[in-house]
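Colleague: First, the structure itself, so that you have it in front of you.
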Amino acid sequence: MYHWLVHFQTQRPIPTLPRLDEMASETILSPAYRNYGKFRTGETHCLFKYTLKGEGVFADSEGEHRVPEGSGFLCEIYDPRTGYYYPKDGTEPWTFVWMVFDGEAARHMTREIVSRHGPVFTIPKDSAEIQRMLESRKHDGTTPAITPTWGARVVTDLLLALAATKEEPHEERPERVLIRRAQQIV
């Protein structure tokens, strides 16, 4: 059941930038809800789906990954090794919000982030990126015209926020600190 759906129309797209296409929210309560990349080979977009309540499952070549409240998955929708669905043992509704985006840059960034960090990310519901997705509800049933840079910023901000949830703070190794200090003295 859709709660809301927004299609974005990018005015004069710039092909080298990520392009924002859609945002929506749904609730699912049926094991019949199943989507597999092997059946979506004609599509080229990427998907981020974030769980608001309940739990979903994302599957890839590494196995099944539970996607509970406060987490989401990132994928290229047409990847034949992937799928997502309502869990067979599910008992409560799975409510989620999703974003669809496309473009060569978006696909490349998605592929690299998933390769480095895996497909499932925990990100707070009150983060700016999730709130932006939820605020799109105000455009339900419409097709807002957006600039290519605004759409690219929305997509890029999301991808950067997801990657940042997996990165450790950079700390300089002690021996590098000593070398840098010696260089400064010289």
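By convention here, the chains of the structure tokens are called A, B, ... in the order presented, each chain's residues are numbered starting at 1, and ligands are numbered starting at 1 in the order presented.
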Extract, using only C-alpha atoms, all DNA, RNA and protein residues at most 8 Å from range 88-90 of chain A, discarding same-chain residues fewer than 4 positions from it, and format them as a list in words.
Modeller: Leu29, Pro31 and Glu55 of chain A
Colleague: Pick out the residues sitting within 10 Å of Leu158 in chain A, and hand them over as a PyMOL selection string; count only C-alpha atoms, and ignore anything fewer than 6 positions along from it in its own chain.
Modeller: chain A and resi 48+99+127-130+132-133+152+164
Colleague: As an MDAnalysis selection string, please: every residue in range 11-161 of chain A that a backbone DSSP assignment puts in alpha helix (DSSP H).
Modeller: chainID A and resid 104:117 128:135 148:161
Colleague: To one decimal place, how far is CA of Lys125 in chain A from CA of Leu52 in chain A in Å?
Modeller: 7.8 Å
Colleague: Restricting the calculation to only C-alpha atoms, which member of A:Thr16, A:Pro144, A:Ile123, A:Gly83 is positioned closest to Glu104 in chain A?
Modeller: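 Closest to Glu104 in chain A, using only C-alpha atoms: A:Thr16.
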Colleague: Chain A: which residues are strand (DSSP E or B) by DSSP, as a PyMOL selection string?
Modeller: chain A and resi 2-7+9-10+19-28+34-36+46-53+55-60+63-68+71-76+83-85+94-102+120-122+145-146
Colleague: What is the CA of Thr147 in chain A-CA of Leu74 in chain A distance in Å, reported with one decimal?
Modeller: 23.7 Å
Colleague: Any idea what's packed within 8 Å of Thr44 in chain A, counting only C-alpha atoms, ignoring anything in its chain fewer than 5 positions away? Could you give it as a PyMOL selection string?
Modeller: chain A and resi 76-78+102
Colleague: For a test of reading the model, state the distance in Å between CA of Pro18 in chain A and CA of Arg107 in chain A, rounded to one decimal.
Modeller: 8.2 Å
Colleague: Within 10 Å of Trp150 in chain A, counting only C-alpha atoms, which residues show up once you throw out same-chain ones fewer than 5 positions away? Write them as number ranges by chain, please.
Modeller: A: 10, 18-20, 155-156
